[in-house]
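Visitor: Pasting input10.txt below, which is compact mmCIF, C-alpha atoms.
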# COMPACT_ATOMS: atom_id res chain seq x y z
CA MET A 17 31.09 47.93 15.01
CA ARG A 18 27.31 48.01 15.46
CA LEU A 19 26.34 46.50 12.09
CA PRO A 20 28.64 43.42 12.30
CA LEU A 21 27.60 42.87 15.90
CA ALA A 22 23.91 43.08 14.98
CA ALA A 23 24.40 40.60 12.15
CA ALA A 24 26.15 38.15 14.46
CA LEU A 25 23.41 38.44 17.07
CA ALA A 26 20.77 37.85 14.39
CA ALA A 27 22.58 34.69 13.37
CA ILE A 28 22.48 33.47 16.98
CA LEU A 29 18.74 34.00 17.17
CA LEU A 30 17.70 32.74 13.75
CA LEU A 31 20.05 29.86 12.99
CA PRO A 32 18.73 27.41 15.62
CA GLY A 33 15.14 28.14 14.56
CA ALA A 34 15.94 27.50 10.92
CA LEU A 35 17.63 24.23 11.75
CA ALA A 36 14.74 23.16 13.96
CA HIS A 37 12.35 23.30 11.00
CA GLU A 38 14.16 20.44 9.29
CA ASP A 39 11.99 17.32 9.52
CA ALA A 40 13.68 14.59 11.58
CA ALA A 41 13.01 11.02 10.48
CA SER A 42 13.25 9.81 14.07
CA VAL A 43 13.50 10.94 17.65
CA GLY A 44 17.17 10.02 17.52
CA GLU A 45 17.81 12.36 14.60
CA GLY A 46 15.96 15.12 16.42
CA ILE A 47 18.17 14.74 19.48
CA ALA A 48 21.29 14.65 17.32
CA GLN A 49 20.06 17.81 15.56
CA ASN A 50 19.86 19.58 18.94
CA GLY A 51 23.54 18.83 19.43
CA MET A 52 24.35 20.37 16.05
CA ASN A 53 22.25 23.40 16.96
CA ALA A 54 24.30 23.81 20.12
CA VAL A 55 27.51 23.78 18.08
CA ALA A 56 26.05 26.35 15.67
CA VAL A 57 25.14 28.65 18.54
CA ALA A 58 28.61 28.26 20.07
CA LEU A 59 30.24 29.20 16.77
CA ALA A 60 27.97 32.22 16.49
CA PHE A 61 28.93 33.41 19.97
CA MET A 62 32.59 32.99 19.08
CA ALA A 63 31.98 35.13 16.00
CA VAL A 64 30.43 37.78 18.23
CA ALA A 65 33.48 37.68 20.47
CA VAL A 66 35.77 38.23 17.48
CA VAL A 67 33.67 41.18 16.27
CA ILE A 68 33.72 42.72 19.73
CA ALA A 69 37.47 42.20 20.02
CA LEU A 70 38.01 44.01 16.73
CA GLY A 71 35.90 46.90 17.95
CA TRP A 72 37.54 47.06 21.36
CA LYS A 73 41.12 47.50 20.24
CA GLY A 74 42.81 49.91 22.55
CA LYS A 75 40.14 49.47 25.23
CA PRO A 76 41.05 48.71 28.89
CA ASP A 77 42.36 45.27 29.82
CA ARG A 78 39.24 44.59 31.87
CA ALA A 79 37.48 43.80 28.59
CA LYS A 80 39.67 40.74 28.02
CA PRO A 81 37.97 38.49 30.63
CA VAL A 82 34.60 39.31 29.07
CA LEU A 83 35.82 38.27 25.64
CA PHE A 84 37.37 35.13 27.11
CA LEU A 85 34.06 34.14 28.72
CA LEU A 86 32.15 34.82 25.48
CA ILE A 87 34.34 32.20 23.84
CA VAL A 88 34.76 29.64 26.62
CA ILE A 89 31.23 29.44 28.01
CA PRO A 90 29.47 28.60 24.69
CA VAL A 91 32.14 26.00 23.88
CA VAL A 92 31.75 24.33 27.27
CA LEU A 93 27.94 24.35 27.01
CA ALA A 94 27.98 23.00 23.45
CA THR A 95 30.35 20.22 24.50
CA ALA A 96 28.07 19.36 27.43
CA VAL A 97 25.04 19.19 25.12
CA LEU A 98 26.85 16.95 22.63
CA VAL A 99 28.10 14.60 25.33
CA GLY A 100 24.74 14.56 27.06
CA SER A 101 22.91 13.87 23.78
CA THR A 102 25.23 10.97 22.99
CA ILE A 103 24.80 9.43 26.45
CA TYR A 104 21.03 9.87 26.35
CA LEU A 105 20.71 8.38 22.87
CA ASN A 106 22.71 5.33 23.88
CA GLN A 107 20.51 4.89 26.95
CA VAL A 108 17.19 5.07 25.07
CA SER A 109 18.45 3.21 22.01
CA ALA A 110 16.70 -0.07 21.21
CA THR A 111 20.12 -1.53 20.37
CA GLY A 112 22.19 -0.03 23.20
CA GLY A 113 24.13 2.26 20.88
CA PRO A 114 24.78 3.01 17.20
CA VAL A 115 24.41 0.27 14.60
CA HIS A 116 25.76 -0.33 11.10
CA TRP A 117 23.39 -2.71 9.30
CA HIS A 118 22.98 -3.41 5.60
CA ALA A 119 20.56 -5.36 3.44
CA ASP A 120 20.47 -5.61 -0.35
CA PHE A 121 17.20 -5.37 -2.23
CA GLU A 122 15.67 -5.74 -5.66
CA ILE A 123 12.36 -4.36 -6.92
CA TRP A 124 10.55 -6.06 -9.80
CA SER A 125 7.34 -4.96 -11.49
CA CYS A 126 5.70 -7.15 -14.15
CA GLY A 127 9.05 -8.81 -14.90
CA GLN A 128 11.02 -5.54 -15.16
CA LYS A 129 13.72 -4.60 -12.66
CA ILE A 130 13.09 -1.19 -11.10
CA ASP A 131 15.87 1.16 -10.00
CA LEU A 132 15.33 3.56 -7.12
CA VAL A 133 16.00 7.24 -7.80
CA ASP A 134 19.72 8.06 -7.81
CA PRO A 135 21.16 10.18 -4.99
CA THR A 136 22.25 13.74 -5.70
CA GLY A 137 24.25 16.37 -3.85
CA LEU A 138 27.25 16.15 -1.56
CA GLU A 139 25.58 13.73 0.86
CA ASN A 140 25.21 11.17 -1.94
CA ARG A 141 22.25 9.47 -0.35
CA VAL A 142 18.50 9.04 -0.69
CA GLY A 143 16.82 9.04 2.71
CA THR A 144 17.96 10.21 6.12
CA ALA A 145 21.27 10.15 7.95
CA VAL A 146 20.19 6.97 9.74
CA VAL A 147 18.26 5.10 7.01
CA HIS A 148 19.26 5.62 3.39
CA GLU A 149 20.49 4.25 0.06
CA HIS A 150 23.52 5.32 -2.00
CA GLY A 151 22.39 4.19 -5.46
CA ASP A 152 23.79 0.72 -4.70
CA ASP A 153 20.55 -1.27 -4.19
CA ARG A 154 21.45 -1.53 -0.53
CA ILE A 155 19.53 -0.40 2.55
CA HIS A 156 21.89 1.33 4.97
CA VAL A 157 20.95 1.63 8.64
CA GLU A 158 23.72 3.62 10.29
CA GLY A 159 23.32 5.36 13.63
CA VAL A 160 21.21 5.15 16.76
CA LEU A 161 17.81 3.44 16.57
CA VAL A 162 15.41 4.59 19.25
CA ASP A 163 12.92 2.01 17.94
CA LEU A 164 13.67 -1.11 15.88
CA GLU A 165 10.83 -0.08 13.56
CA GLU A 166 13.26 2.44 12.08
CA ALA A 167 15.03 -0.53 10.46
CA SER A 168 11.85 -1.88 8.88
CA LEU A 169 11.07 -2.09 5.17
CA HIS A 170 8.16 0.34 5.32
CA GLU A 171 10.35 2.89 7.12
CA PHE A 172 13.00 2.64 4.40
CA PHE A 173 10.54 3.27 1.57
CA GLU A 174 8.98 6.13 3.47
CA VAL A 175 12.25 7.98 4.07
CA VAL A 176 13.37 7.60 0.43
CA GLY A 177 10.19 9.31 -0.73
CA GLY A 178 8.00 6.32 -1.53
CA GLY A 179 5.79 4.05 0.51
CA LEU A 180 5.17 0.42 1.35
CA SER A 181 2.07 -1.12 2.89
CA ALA A 182 0.20 -4.39 2.55
CA GLY A 183 -0.51 -4.81 -1.16
CA GLU A 184 0.80 -1.40 -2.20
CA LEU A 185 4.21 0.00 -3.20
CA ALA A 186 5.41 3.44 -4.31
CA VAL A 187 8.97 4.00 -5.53
CA PRO A 188 10.60 7.30 -6.62
CA LEU A 189 12.45 6.95 -9.92
CA ASN A 190 14.86 9.16 -11.85
CA ALA A 191 11.95 9.96 -14.14
CA GLY A 192 8.69 10.07 -12.24
CA SER A 193 7.64 7.29 -9.91
CA LEU A 194 6.23 3.77 -9.79
CA ALA A 195 3.00 3.06 -7.92
CA VAL A 196 1.40 -0.37 -7.89
CA ARG A 197 -1.25 -2.06 -5.79
CA ASN A 198 -2.83 -5.47 -5.70
CA GLY A 199 -5.16 -5.99 -8.65
CA ASP A 200 -3.38 -3.60 -11.05
CA LEU A 201 -2.84 -5.11 -14.49
CA CYS A 202 0.54 -5.86 -16.02
CA PRO A 203 1.11 -5.10 -19.74
CA ASP A 204 0.23 -8.72 -20.56
CA GLY A 205 -3.22 -8.27 -19.00
CA GLN A 206 -2.57 -10.35 -15.88
CA ALA A 207 -3.55 -8.98 -12.50
CA GLY A 208 -0.57 -8.39 -10.25
CA GLU A 209 0.02 -8.88 -6.55
CA LEU A 210 2.74 -7.32 -4.40
CA GLN A 211 4.86 -10.03 -2.81
CA LEU A 212 7.83 -9.63 -0.48
CA TRP A 213 10.52 -12.19 0.27
CA ALA A 214 13.53 -12.10 2.56
CA TYR A 215 16.59 -14.27 2.06
CA ARG A 216 17.98 -14.62 5.58
CA VAL A 217 21.15 -16.40 6.73
CA ALA A 218 20.19 -18.84 9.48
CA ASN A 219 23.73 -19.28 10.87
CA PRO A 220 25.43 -15.88 10.47
CA ARG A 221 28.39 -16.75 12.73
CA GLU A 222 29.52 -19.68 10.54
CA ARG A 223 31.28 -17.69 7.86
CA GLY A 224 32.10 -19.79 4.81
CA GLY A 225 29.36 -22.26 5.69
CA TRP A 226 26.34 -19.96 5.66
CA GLN A 227 22.92 -21.44 5.04
CA TYR A 228 20.03 -19.28 3.93
CA VAL A 229 16.27 -19.54 4.04
CA GLN A 230 13.75 -17.81 1.82
CA GLU A 231 10.83 -16.42 3.81
CA ARG A 232 7.76 -14.39 3.11
CA ALA A 233 8.17 -10.86 4.44
CA ASP A 234 5.83 -7.96 5.10
CA PRO A 235 6.22 -4.16 5.34
CA ASP A 236 7.03 -4.43 9.06
CA TYR A 237 9.98 -6.77 8.45
CA VAL A 238 13.05 -5.57 10.39
CA LEU A 239 16.46 -6.07 8.81
CA SER A 240 18.85 -8.62 10.28
CA PRO A 241 21.62 -6.94 12.34
CA HIS A 242 24.62 -7.45 10.05
CA SER A 243 26.92 -4.99 8.29
CA ALA A 244 28.05 -7.31 5.46
CA VAL A 245 25.76 -8.90 2.86
CA PRO A 246 25.57 -11.83 3.30
CA PRO A 247 24.93 -12.54 6.17
CA GLY A 248 22.79 -9.41 5.90
CA ASP A 249 19.45 -9.91 4.20
CA CYS A 250 18.52 -9.99 0.54
CA ILE A 251 15.06 -8.46 0.12
CA ILE A 252 12.96 -9.08 -3.00
CA LEU A 253 9.88 -6.97 -3.71
CA GLU A 254 7.99 -8.29 -6.70
CA PHE A 255 4.74 -7.16 -8.31
CA GLY A 256 3.22 -9.63 -10.72
CA PRO A 257 1.17 -12.81 -10.89
CA PRO A 258 1.26 -14.50 -7.46
CA ARG A 259 3.55 -17.48 -6.89
CA GLU A 260 4.73 -19.62 -4.01
CA ARG A 261 8.45 -18.69 -4.18
CA THR A 262 10.67 -16.28 -6.03
CA ASP A 263 13.66 -17.09 -8.19
CA ARG A 264 15.00 -13.53 -7.95
CA LEU A 265 18.24 -13.21 -6.02
CA CYS A 266 20.47 -10.29 -5.03
CA GLU A 267 23.86 -10.18 -6.75
CA THR A 268 25.77 -10.45 -3.45
CA TYR A 269 23.95 -13.68 -2.61
CA ARG A 270 24.49 -15.07 -6.10
CA LEU A 271 28.23 -14.43 -5.87
CA ALA A 272 28.40 -15.99 -2.39
CA LEU A 273 26.65 -19.07 -3.80
CA GLU A 274 29.18 -19.29 -6.63
CA ARG A 275 32.07 -19.05 -4.16
CA GLY A 276 30.60 -21.84 -2.06
CA GLU A 277 30.20 -19.59 0.99
CA LEU A 278 26.43 -19.88 0.96
CA THR A 279 24.01 -22.77 0.44
CA PRO A 280 20.25 -23.23 0.87
CA ALA A 281 19.25 -24.54 4.27
CA ALA A 282 17.76 -28.02 4.29
CA GLU A 283 13.96 -28.06 4.13
CA GLY A 284 12.58 -28.29 7.62
CA GLY A 285 16.06 -27.72 9.10
Could I get this structure in the form of structure tokens?

Guide:
Amino acid sequence: MRLPLAAALAAILLLPGALAHEDAASVGEGIAQNGMNAVAVALAFMAVAVVIALGWKGKPDRAKPVLFLLIVIPVVLATAVLVGSTIYLNQVSATGGPVHWHADFEIWSCGQKIDLVDPTGLENRVGTAVVHEHGDDRIHVEGVLVDLEEASLHEFFEVVGGGLSAGELAVPLNAGSLAVRNGDLCPDGQAGELQLWAYRVANPRERGGWQYVQERADPDYVLSPHSAVPPGDCIILEFGPPRERTDRLCETYRLALERGELTPAAEGG
């Protein structure tokens, strides 16, 4: 019995430490990770109880309460940690609880559309549990936001393995990466400039009669709080010769325009 018991005890001691070394993209993710650690420890203690039970066959009945406590106490404590973490996250959340926001985006460099690296693995996402992309040209913000900055454009590009700052953009690709900054030359010899635009629905509650505005955006732009697109934002990031407006448009917005659900807002309105 000693070897299985030693292995189970080692798992109890090492598993939480291994999990703790995972980088959390936000305070919220770190707190949520603590809850998962508590569940892992509870499962490990239950495994210990099973090992002990197998080794104590034929032992006196007084051993049964000990085994019962080895199972019940970790489960109760893990449940308390999970419930407490959820309550605490909702209290400190900038939005009062979990959110489910989406925004579509397109990246253009010198007239060529750029595709973000495709997700791999079972999670099927690029980014974190809270902020990510599924290979669908859509920013997903799903979970608890301790700070609204977590739903900003620069945060999204950071968590997917790139970067976005004033005049500079880095994007991970399936083959290598794209890195551009103001003043870099396009293949035609023209100097480029990184420009950001946000298509935003001005009247999101008036479904079927949405009106949108096109605005200049910056890396600190925070996504509009909508799950569907539209009325969620359409974000255009374009590197090339500077211009006053963009004619690029996300596919979801184009289709909504064709269906008559979306129209440009009147100038000055």

Visitor: Set the distance at 7 Å and use all atoms listed in the file: which residues neighbour Val196 (chain A) once local chain neighbours fewer than 4 positions away are removed? I'd like the list as a list in words.

Guide: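 My list of contacting residues is Glu184, Leu185, Ala186 and Asp200 of chain A.
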
Visitor: Quick one, how far is CA of Val162 (chain A) from CA of Ala145 (chain A)?

Guide: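 These two atoms are separated by 13.9 Å.
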
Visitor: Considering only C-alpha atoms, return as a ChimeraX atom specification whatever protein or nucleic-acid residues lie within 7 Å of region 219-227 of chain A, sequence-local ones (same chain, fewer than 4 positions apart) excluded.

Guide: /A:247,277-281

Visitor: Would you please work out which residue, of A:Ser125, A:Thr111, A:Thr136, A:Thr95, is nearest to Leu201 (chain A) when using all atoms listed in the file?

Guide: A:Ser125

Visitor: Closest to Gly177 (chain A) among A:Asp134, A:Glu209, A:Asp163, A:Asp204, using all atoms listed in the file?

Guide: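 Result for the nearest residue to Gly177 (chain A): A:Asp134.
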
Visitor: Nearest to Trp117 (chain A): which of A:Leu132, A:Ala167, A:Ala214, A:Ala282 is it, counting only C-alpha atoms?

Guide: A:Ala167

Visitor: Figure out the distance between CA of Val142 (chain A) and CA of Arg154 (chain A), please, to one decimal in Å.

Guide: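 Distance reported for this atom pair: 11.0 Å.
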
Visitor: What is the distance, in Å and to one decimal place, between CA of Gln230 (chain A) and CA of Tyr215 (chain A)?

Guide: 4.5 Å

Visitor: Out of A:Arg216, A:Arg259, A:Arg270, A:His116, which residue has the shortest atom-to-atom distance to Val160 (chain A) when counting all atoms listed in the file?

Guide: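 The closest residue to Val160 (chain A) is A:His116.
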
Visitor: Applying 7 Å and only C-alpha atoms, which residues near Ile155 (chain A) remain after dropping the ones on its own chain fewer than 3 positions away? List them as a short mmCIF file (atom, residue, chain, number, x, y, z; two decimals) with C-alpha atoms, in the frame of the given file.

Guide:
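The resulting around28.cif:
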data_model
loop_
_atom_site.label_atom_id
_atom_site.label_comp_id
_atom_site.auth_asym_id
_atom_site.auth_seq_id
_atom_site.Cartn_x
_atom_site.Cartn_y
_atom_site.Cartn_z
CA HIS A 118 22.98 -3.41 5.60
CA ALA A 119 20.56 -5.36 3.44
CA ASP A 120 20.47 -5.61 -0.35
CA HIS A 148 19.26 5.62 3.39
CA GLU A 149 20.49 4.25 0.06
#

Visitor: If we count only C-alpha atoms and set the cut-off at 9 Å, which residues sit around region 260-265 of chain A, ignoring sequence neighbours fewer than 6 positions away in its own chain? Please answer as a PDB file with C-alpha atoms, keeping the file's coordinate frame.

Guide:
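And here is the file that came out, part-v7.pdb:
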ATOM      1  CA  PHE A 121      17.200  -5.370  -2.230  1.00  0.00           C
ATOM      2  CA  GLU A 122      15.670  -5.740  -5.660  1.00  0.00           C
ATOM      3  CA  TRP A 124      10.550  -6.060  -9.800  1.00  0.00           C
ATOM      4  CA  TRP A 213      10.520 -12.190   0.270  1.00  0.00           C
ATOM      5  CA  TYR A 215      16.590 -14.270   2.060  1.00  0.00           C
ATOM      6  CA  GLN A 230      13.750 -17.810   1.820  1.00  0.00           C
ATOM      7  CA  GLU A 231      10.830 -16.420   3.810  1.00  0.00           C
ATOM      8  CA  ARG A 232       7.760 -14.390   3.110  1.00  0.00           C
ATOM      9  CA  CYS A 250      18.520  -9.990   0.540  1.00  0.00           C
ATOM     10  CA  ILE A 251      15.060  -8.460   0.120  1.00  0.00           C
ATOM     11  CA  ILE A 252      12.960  -9.080  -3.000  1.00  0.00           C
ATOM     12  CA  GLU A 254       7.990  -8.290  -6.700  1.00  0.00           C
TER      13      GLU A 254
END
